[in-house]
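Trainee: As input, take start-v1.txt (compact mmCIF, C-alpha atoms):
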```txt
# COMPACT_ATOMS: atom_id res chain seq x y z
CA MET A 1 -12.76 -10.19 39.47
CA ALA A 2 -13.38 -10.18 35.76
CA THR A 3 -11.78 -12.96 33.83
CA ALA A 4 -10.58 -12.78 30.26
CA PRO A 5 -13.21 -13.93 27.80
CA ALA A 6 -12.77 -17.46 26.55
CA GLY A 7 -10.96 -17.79 23.25
CA THR A 8 -12.86 -18.33 20.05
CA LEU A 9 -11.92 -19.54 16.61
CA TYR A 10 -10.85 -15.96 15.86
CA ARG A 11 -10.12 -13.93 18.96
CA GLY A 12 -6.53 -14.06 20.19
CA ARG A 13 -5.55 -16.44 17.42
CA GLU A 14 -3.84 -16.31 14.04
CA GLY A 15 -6.88 -14.82 12.31
CA MET A 16 -7.05 -11.85 14.66
CA TRP A 17 -3.31 -11.20 14.86
CA SER A 18 -2.86 -11.29 11.09
CA TRP A 19 -5.68 -8.72 10.86
CA VAL A 20 -3.92 -6.53 13.45
CA ALA A 21 -0.59 -6.85 11.65
CA HIS A 22 -2.23 -6.04 8.28
CA ARG A 23 -3.70 -2.84 9.76
CA VAL A 24 -0.53 -1.70 11.51
CA THR A 25 1.68 -2.33 8.45
CA GLY A 26 -0.91 -0.72 6.13
CA MET A 27 -1.08 2.43 8.24
CA LEU A 28 2.72 2.62 8.41
CA ILE A 29 3.09 2.19 4.63
CA PHE A 30 0.45 4.87 3.92
CA ILE A 31 2.20 7.45 6.15
CA PHE A 32 5.51 6.71 4.44
CA LEU A 33 3.85 6.98 1.01
CA LEU A 34 2.75 10.55 1.76
CA VAL A 35 6.29 11.50 2.82
CA HIS A 36 7.83 9.62 -0.11
CA VAL A 37 5.78 11.51 -2.74
CA LEU A 38 6.84 14.79 -1.09
CA ASP A 39 10.56 13.93 -1.06
CA THR A 40 10.47 12.64 -4.64
CA SER A 41 8.71 15.86 -5.72
CA LEU A 42 11.98 17.69 -5.05
CA VAL A 43 13.25 16.34 -8.41
CA ARG A 44 11.01 19.09 -9.82
CA VAL A 45 12.84 21.75 -7.76
CA SER A 46 16.47 21.01 -8.63
CA PRO A 47 18.97 18.12 -8.76
CA GLU A 48 20.74 19.60 -5.72
CA ALA A 49 17.53 19.77 -3.66
CA TYR A 50 16.65 16.14 -4.45
CA ASN A 51 20.16 14.87 -3.76
CA ALA A 52 20.15 16.67 -0.41
CA VAL A 53 16.89 15.05 0.77
CA ILE A 54 17.72 11.60 -0.57
CA GLY A 55 21.04 11.90 1.30
CA ALA A 56 18.99 11.84 4.49
CA TYR A 57 17.69 8.37 3.50
CA LYS A 58 21.25 7.06 3.33
CA ASN A 59 22.22 7.57 6.98
CA PRO A 60 22.32 4.43 9.15
CA ILE A 61 19.22 5.22 11.22
CA MET A 62 17.10 5.78 8.11
CA GLY A 63 18.71 2.70 6.57
CA LEU A 64 17.41 0.57 9.45
CA ALA A 65 13.97 2.23 9.22
CA GLU A 66 13.89 1.38 5.49
CA ALA A 67 14.62 -2.25 6.34
CA GLY A 68 11.60 -2.21 8.67
CA LEU A 69 9.49 -0.51 6.01
CA VAL A 70 10.43 -3.12 3.40
CA ALA A 71 9.58 -5.91 5.86
CA ALA A 72 6.18 -4.25 6.49
CA ILE A 73 5.54 -3.99 2.73
CA VAL A 74 6.54 -7.61 2.06
CA PHE A 75 4.30 -8.89 4.88
CA HIS A 76 1.37 -6.68 3.79
CA ALA A 77 1.78 -7.80 0.16
CA PHE A 78 1.79 -11.53 0.86
CA ASN A 79 -0.81 -11.38 3.64
CA GLY A 80 -2.97 -9.43 1.17
CA ILE A 81 -2.70 -12.34 -1.26
CA ARG A 82 -3.71 -14.61 1.65
CA VAL A 83 -6.79 -12.42 2.27
CA VAL A 84 -7.74 -12.69 -1.42
CA LEU A 85 -7.34 -16.49 -1.26
CA VAL A 86 -9.47 -16.70 1.91
CA ASP A 87 -12.19 -14.66 0.15
CA PHE A 88 -12.15 -16.22 -3.31
CA TRP A 89 -10.66 -19.72 -3.03
CA SER A 90 -13.21 -22.27 -1.84
CA LYS A 91 -10.61 -23.95 0.39
CA GLY A 92 -9.11 -20.63 1.52
CA PRO A 93 -10.88 -20.32 4.88
CA ARG A 94 -9.89 -23.89 5.81
CA HIS A 95 -6.22 -23.19 5.07
CA GLN A 96 -6.04 -19.64 6.44
CA ARG A 97 -3.81 -20.62 9.37
CA VAL A 98 -1.20 -22.51 7.37
CA MET A 99 -1.31 -19.73 4.77
CA LEU A 100 -0.39 -17.21 7.48
CA TRP A 101 2.69 -19.25 8.39
CA ILE A 102 3.59 -19.43 4.69
CA VAL A 103 3.29 -15.62 4.56
CA VAL A 104 5.56 -15.29 7.59
CA ALA A 105 8.07 -17.74 6.10
CA VAL A 106 8.10 -15.95 2.71
CA THR A 107 8.63 -12.62 4.51
CA VAL A 108 11.53 -14.03 6.53
CA ILE A 109 13.15 -15.63 3.46
CA LEU A 110 12.85 -12.51 1.28
CA MET A 111 14.17 -10.31 4.09
CA ALA A 112 17.08 -12.71 4.60
CA GLY A 113 17.96 -12.09 0.95
CA PHE A 114 17.36 -8.34 1.06
CA LEU A 115 18.94 -7.35 4.39
CA PRO A 116 22.59 -8.26 3.67
CA ARG A 117 22.52 -6.29 0.41
CA HIS A 118 20.66 -3.32 1.84
CA LEU A 119 22.63 -3.10 5.09
CA GLY A 120 25.83 -3.51 3.06
CA ASN A 121 24.77 -0.51 0.94
CA VAL A 122 23.88 1.51 4.04
CA PHE A 123 26.86 0.64 6.26
CA GLY A 124 29.43 -0.50 3.72
CA GLY A 125 29.61 2.79 1.89
CA ALA A 126 30.20 0.82 -1.32
CA MET B 1 -59.39 -29.02 3.26
CA THR B 2 -56.90 -26.50 4.46
CA THR B 3 -54.72 -24.65 2.13
CA ILE B 4 -51.35 -23.54 3.05
CA GLU B 5 -50.46 -20.10 1.92
CA MET B 6 -47.53 -19.82 -0.39
CA PRO B 7 -44.52 -18.30 1.31
CA ARG B 8 -44.05 -14.98 -0.29
CA SER B 9 -41.38 -12.47 0.37
CA PRO B 10 -41.36 -9.41 -1.78
CA ARG B 11 -38.62 -9.22 -4.28
CA ALA B 12 -35.86 -6.88 -3.16
CA THR B 13 -36.13 -3.66 -5.04
CA ARG B 14 -34.38 -0.35 -4.92
CA SER B 15 -37.08 1.07 -2.63
CA ASN B 16 -37.45 -1.70 -0.03
CA ARG B 17 -33.95 -3.03 0.48
CA ARG B 18 -32.40 -2.47 3.88
CA THR B 19 -29.23 -0.75 2.80
CA THR B 20 -29.32 2.68 1.26
CA ARG B 21 -25.64 2.71 0.43
CA GLY B 22 -25.91 1.07 -2.94
CA ASN B 23 -23.06 -1.18 -3.83
CA ALA B 24 -20.34 1.37 -3.14
CA GLU B 25 -18.94 -0.55 -0.15
CA MET B 26 -18.90 -3.78 -2.15
CA ALA B 27 -17.14 -2.01 -5.00
CA GLY B 28 -14.60 -0.69 -2.47
CA TRP B 29 -14.08 -4.18 -1.05
CA LEU B 30 -13.47 -5.57 -4.55
CA PHE B 31 -11.18 -2.67 -5.46
CA MET B 32 -8.97 -3.38 -2.43
CA ARG B 33 -8.40 -6.92 -3.66
CA ILE B 34 -7.85 -6.13 -7.35
CA SER B 35 -5.63 -3.08 -6.71
CA GLY B 36 -3.79 -5.05 -4.02
CA ILE B 37 -2.78 -7.77 -6.48
CA VAL B 38 -1.60 -5.17 -9.03
CA LEU B 39 0.27 -3.27 -6.31
CA VAL B 40 2.15 -6.41 -5.23
CA VAL B 41 3.74 -6.45 -8.71
CA LEU B 42 4.24 -2.68 -9.00
CA VAL B 43 5.63 -2.10 -5.50
CA LEU B 44 7.86 -5.20 -5.30
CA GLY B 45 9.21 -4.32 -8.79
CA HIS B 46 9.87 -0.77 -7.55
CA LEU B 47 11.73 -2.09 -4.49
CA ILE B 48 13.80 -4.56 -6.53
CA VAL B 49 14.89 -1.93 -9.08
CA ASN B 50 15.53 0.86 -6.55
CA LEU B 51 16.80 -0.96 -3.45
CA LEU B 52 18.04 -4.42 -4.46
CA VAL B 53 19.94 -4.33 -7.77
CA ASP B 54 23.16 -2.40 -8.44
CA ASP B 55 24.01 -0.08 -5.52
CA GLY B 56 20.52 -0.02 -3.98
CA ILE B 57 19.87 3.00 -1.80
CA SER B 58 23.47 4.21 -2.25
CA GLY B 59 22.90 4.61 -5.99
CA ILE B 60 19.74 6.72 -5.76
CA ASN B 61 20.16 10.36 -6.75
CA PHE B 62 18.70 12.82 -9.25
CA ALA B 63 20.47 11.16 -12.19
CA PHE B 64 18.98 7.75 -11.22
CA VAL B 65 15.39 9.04 -10.99
CA ALA B 66 15.75 11.20 -14.10
CA GLY B 67 17.22 8.28 -16.02
CA LYS B 68 14.18 6.15 -15.11
CA TRP B 69 11.62 8.83 -15.95
CA ALA B 70 13.26 9.57 -19.29
CA ASP B 71 11.52 6.28 -20.23
CA ILE B 72 7.74 6.58 -20.63
CA ARG B 73 7.30 3.02 -19.34
CA TRP B 74 8.65 3.98 -15.90
CA GLN B 75 6.46 7.10 -15.95
CA ILE B 76 3.39 4.92 -16.54
CA TRP B 77 4.58 2.40 -13.91
CA ASP B 78 5.05 5.10 -11.27
CA LEU B 79 1.84 6.97 -12.17
CA LEU B 80 -0.22 3.77 -11.89
CA MET B 81 1.55 2.89 -8.64
CA LEU B 82 0.89 6.38 -7.23
CA TRP B 83 -2.83 6.33 -8.02
CA LEU B 84 -3.52 2.73 -7.00
CA ALA B 85 -1.47 2.96 -3.79
CA MET B 86 -3.06 6.26 -2.77
CA ILE B 87 -6.63 5.05 -3.38
CA HIS B 88 -5.91 1.65 -1.76
CA GLY B 89 -4.19 3.28 1.22
CA ALA B 90 -6.74 6.08 1.69
CA ASN B 91 -9.60 3.58 1.59
CA GLY B 92 -7.81 1.46 4.18
CA VAL B 93 -7.32 4.46 6.48
CA ARG B 94 -10.99 5.40 5.94
CA THR B 95 -11.93 1.94 7.23
CA ILE B 96 -9.66 2.41 10.26
CA ILE B 97 -11.25 5.82 10.99
CA ASN B 98 -14.74 4.29 10.76
CA ASP B 99 -13.70 1.53 13.17
CA TYR B 100 -12.09 3.60 15.89
CA ALA B 101 -13.44 7.19 15.75
CA GLU B 102 -16.83 6.90 17.43
CA ARG B 103 -17.92 10.53 17.55
CA ASP B 104 -19.39 11.96 14.35
CA SER B 105 -17.37 15.14 14.65
CA THR B 106 -14.09 13.21 15.10
CA ARG B 107 -14.82 11.17 11.99
CA VAL B 108 -15.61 14.28 9.96
CA VAL B 109 -12.35 15.95 11.03
CA LEU B 110 -10.20 12.87 10.37
CA LYS B 111 -11.82 12.15 7.00
CA THR B 112 -11.39 15.78 5.96
CA LEU B 113 -7.69 15.54 6.82
CA LEU B 114 -7.45 12.26 4.92
CA ALA B 115 -9.19 13.69 1.84
CA THR B 116 -6.91 16.74 1.90
CA ALA B 117 -3.74 14.64 2.20
CA PHE B 118 -5.00 12.34 -0.57
CA THR B 119 -5.81 15.18 -2.98
CA VAL B 120 -2.58 17.12 -2.37
CA THR B 121 -0.39 14.01 -2.71
CA VAL B 122 -2.06 12.62 -5.84
CA VAL B 123 -2.16 16.01 -7.62
CA LEU B 124 1.44 16.84 -6.66
CA GLY B 125 2.78 13.40 -7.64
CA THR B 126 0.91 13.40 -10.96
CA LEU B 127 2.14 16.90 -11.85
CA VAL B 128 5.72 15.97 -10.98
CA ILE B 129 5.68 12.86 -13.18
CA PHE B 130 4.16 14.74 -16.16
CA THR B 131 6.04 18.06 -15.94
CA PHE B 132 9.41 16.60 -14.94
CA ASP B 133 12.45 17.65 -17.00
CA PRO B 134 15.31 15.11 -16.72
CA CYS B 135 17.78 17.69 -18.09
CA PRO B 136 17.00 21.01 -16.38
CA ALA B 137 18.84 23.95 -17.96
CA GLY B 138 21.73 25.31 -15.93
CA ALA B 139 22.15 22.23 -13.72
CA PRO B 140 25.70 20.84 -13.29
CA ALA B 141 26.27 18.15 -15.92
CA GLU B 142 27.69 15.68 -13.39
CA LEU B 143 24.33 15.59 -11.57
CA LEU B 144 22.34 14.73 -14.71
CA PRO B 145 21.53 11.34 -16.26
CA SER B 146 23.51 10.15 -19.27
CA VAL B 147 20.54 10.75 -21.63
CA CYS B 148 21.16 14.53 -21.27
CA SER B 149 24.60 14.44 -22.90
CA ALA B 150 23.46 12.25 -25.79
```
Mind turning this structure into structure tokens?

Mentor:
Amino acid sequence: MATAPAGTLYRGREGMWSWVAHRVTGMLIFIFLLVHVLDTSLVRVSPEAYNAVIGAYKNPIMGLAEAGLVAAIVFHAFNGIRVVLVDFWSKGPRHQRVMLWIVVAVTVILMAGFLPRHLGNVFGGA
Amino acid sequence: MTTIEMPRSPRATRSNRRTTRGNAEMAGWLFMRISGIVLVVLVLGHLIVNLLVDDGISGINFAFVAGKWADIRWQIWDLLMLWLAMIHGANGVRTIINDYAERDSTRVVLKTLLATAFTVTVVLGTLVIFTFDPCPAGAPAELLPSVCSA
């Protein structure tokens, strides 16, 4: 029976998983960007048309999806800075693992600030 | 007396180097990093202004968008964000296609779709930002931004 290949410095570890997460979040953000340009383009049709489509973004299900989208953007943004530091900072590769945990921590902290406000706007009807 | 030949390797020139791709891939790699840093500022600023301050998502409507785009600085912000995000994103998806689509024909189809989506989205978004009228004639006044009644 085949056994799983032995781990390396990269495979199955922080380096690989941050690469996977960067890809998945990047793909997600790109798909949303295409939709977002289309929905915003309705401002060119009429105020009523734009208000109708943006109304769809204010229902609770879309509100939760937006929270996920913002989390994906925040992670992709700060992990992107980590990638730049790994590539251009001489000590970057040595600190890539701790930098990933800093990225995760920053994402969690920013989302902890954003979520109460956003979910209040979505569910509070304020 | 034996002489040792000098180690000689021919200088890399345009005709004998191994890659024929020029430096396009390196330029793309560098662009991802530079545009990425700019996009961190543009996109997080966009999220803060549209989703975090005031009423967030609840406050977004035609009057909100029109009020922003009545200011040329937000037009420039959004235009730059549109172009950089679309090029950065399309180049990222191109890399993903190259990694996972192994058949030549699959890659051609996917990249054609990508190029079409890129062109349509960038042209549409650019036209909307430049031809947008914040105070369209005949629209109900209560749906328009305050700059229209000034």

Trainee: Would you write out, as a Markdown table, a table of all residues in chain B that have an atom no more than 9 Å from an atom of chain A, listing for each the closest atom pair and the distance in Å to one decimal, considering all atoms listed in the file and ordering rows by chain and rising residue number?

Mentor:
```
| residue | atom | partner | partner_atom | distance |
| --- | --- | --- | --- | --- |
| B:Arg33 | CA | A:Val84 | CA | 6.2 |
| B:Ile34 | CA | A:Val84 | CA | 8.8 |
| B:Gly36 | CA | A:Gly80 | CA | 6.8 |
| B:Ile37 | CA | A:Ile81 | CA | 6.9 |
| B:Leu39 | CA | A:Ala77 | CA | 8.0 |
| B:Val40 | CA | A:Ala77 | CA | 5.6 |
| B:Val43 | CA | A:Ile73 | CA | 8.4 |
| B:Leu44 | CA | A:Val74 | CA | 7.9 |
| B:Leu47 | CA | A:Val70 | CA | 8.1 |
| B:Leu51 | CA | A:His118 | CA | 7.0 |
| B:Leu52 | CA | A:Phe114 | CA | 6.8 |
| B:Val53 | CA | A:Arg117 | CA | 8.8 |
| B:Asp55 | CA | A:Asn121 | CA | 6.5 |
| B:Gly56 | CA | A:Asn121 | CA | 6.5 |
| B:Ile57 | CA | A:Asn121 | CA | 6.6 |
| B:Ser58 | CA | A:Asn121 | CA | 5.8 |
| B:Gly59 | CA | A:Asn121 | CA | 8.8 |
| B:Ile60 | CA | A:Ile54 | CA | 7.4 |
| B:Asn61 | CA | A:Asn51 | CA | 5.4 |
| B:Phe62 | CA | A:Pro47 | CA | 5.3 |
| B:Ala63 | CA | A:Pro47 | CA | 7.9 |
| B:Val65 | CA | A:Val43 | CA | 8.0 |
| B:Ala66 | CA | A:Val43 | CA | 8.1 |
| B:Leu82 | CA | A:Val37 | CA | 8.4 |
| B:Ala85 | CA | A:Phe30 | CA | 8.2 |
| B:Met86 | CA | A:Phe30 | CA | 7.7 |
| B:Gly89 | CA | A:Phe30 | CA | 5.6 |
| B:Ala90 | CA | A:Phe30 | CA | 7.6 |
| B:Gly92 | CA | A:Gly26 | CA | 7.5 |
| B:Val93 | CA | A:Met27 | CA | 6.8 |
| B:Ile96 | CA | A:Arg23 | CA | 8.0 |
| B:Ala117 | CA | A:Leu34 | CA | 7.7 |
| B:Phe118 | CA | A:Leu34 | CA | 8.3 |
| B:Thr121 | CA | A:Leu34 | CA | 6.5 |
| B:Val122 | CA | A:Val37 | CA | 8.5 |
| B:Leu124 | CA | A:Ser41 | CA | 7.4 |
| B:Gly125 | CA | A:Val37 | CA | 6.0 |
| B:Val128 | CA | A:Ser41 | CA | 6.1 |
| B:Ile129 | CA | A:Ser41 | CA | 8.6 |
| B:Thr131 | CA | A:Arg44 | CA | 8.0 |
| B:Phe132 | CA | A:Arg44 | CA | 5.9 |
| B:Asp133 | CA | A:Arg44 | CA | 7.5 |
| B:Pro134 | CA | A:Val43 | CA | 8.6 |
| B:Pro136 | CA | A:Ser46 | CA | 7.8 |
| B:Ala139 | CA | A:Pro47 | CA | 7.2 |
| B:Pro140 | CA | A:Pro47 | CA | 8.6 |
| B:Leu143 | CA | A:Pro47 | CA | 6.6 |
| B:Leu144 | CA | A:Pro47 | CA | 7.6 |
```

Trainee: Do you have the atom CA of B:Phe31-atom CA of B:His88 distance handy?

Mentor: 7.8 Å

Trainee: Calculate how many Å separate atom CA of B:Arg73 from atom CA of B:Val120, rounding to one decimal.

Mentor: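 These atoms are spaced 24.2 Å apart.
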
Trainee: How many Å lie between atom CA of A:Ala105 and atom CA of A:Lys91, rounded to one decimal?

Mentor: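 Atom CA of A:Lys91 lies 20.5 Å from atom CA of A:Ala105.
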
Trainee: Rank A:Phe88, A:Ile109, A:Ala65, A:Asn79 by their smallest atom-to-atom distance to A:Trp19, using all atoms listed in the file, and report the top residue only.

Mentor: A:Asn79

Trainee: Taking all atoms listed in the file into account, which of A:Leu69, A:Leu100, A:Phe32, A:Val86 comes nearest A:Trp17?

Mentor: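 The shortest atom-to-atom distance to A:Trp17 comes from A:Leu100.
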
Trainee: Which one is closest to A:Met16: A:Ala72, A:Ala56, A:Gln96, A:Thr3? Count all atoms listed in the file.

Mentor: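 Nearest candidate to A:Met16 out of A:Ala72, A:Ala56, A:Gln96, A:Thr3: A:Gln96.
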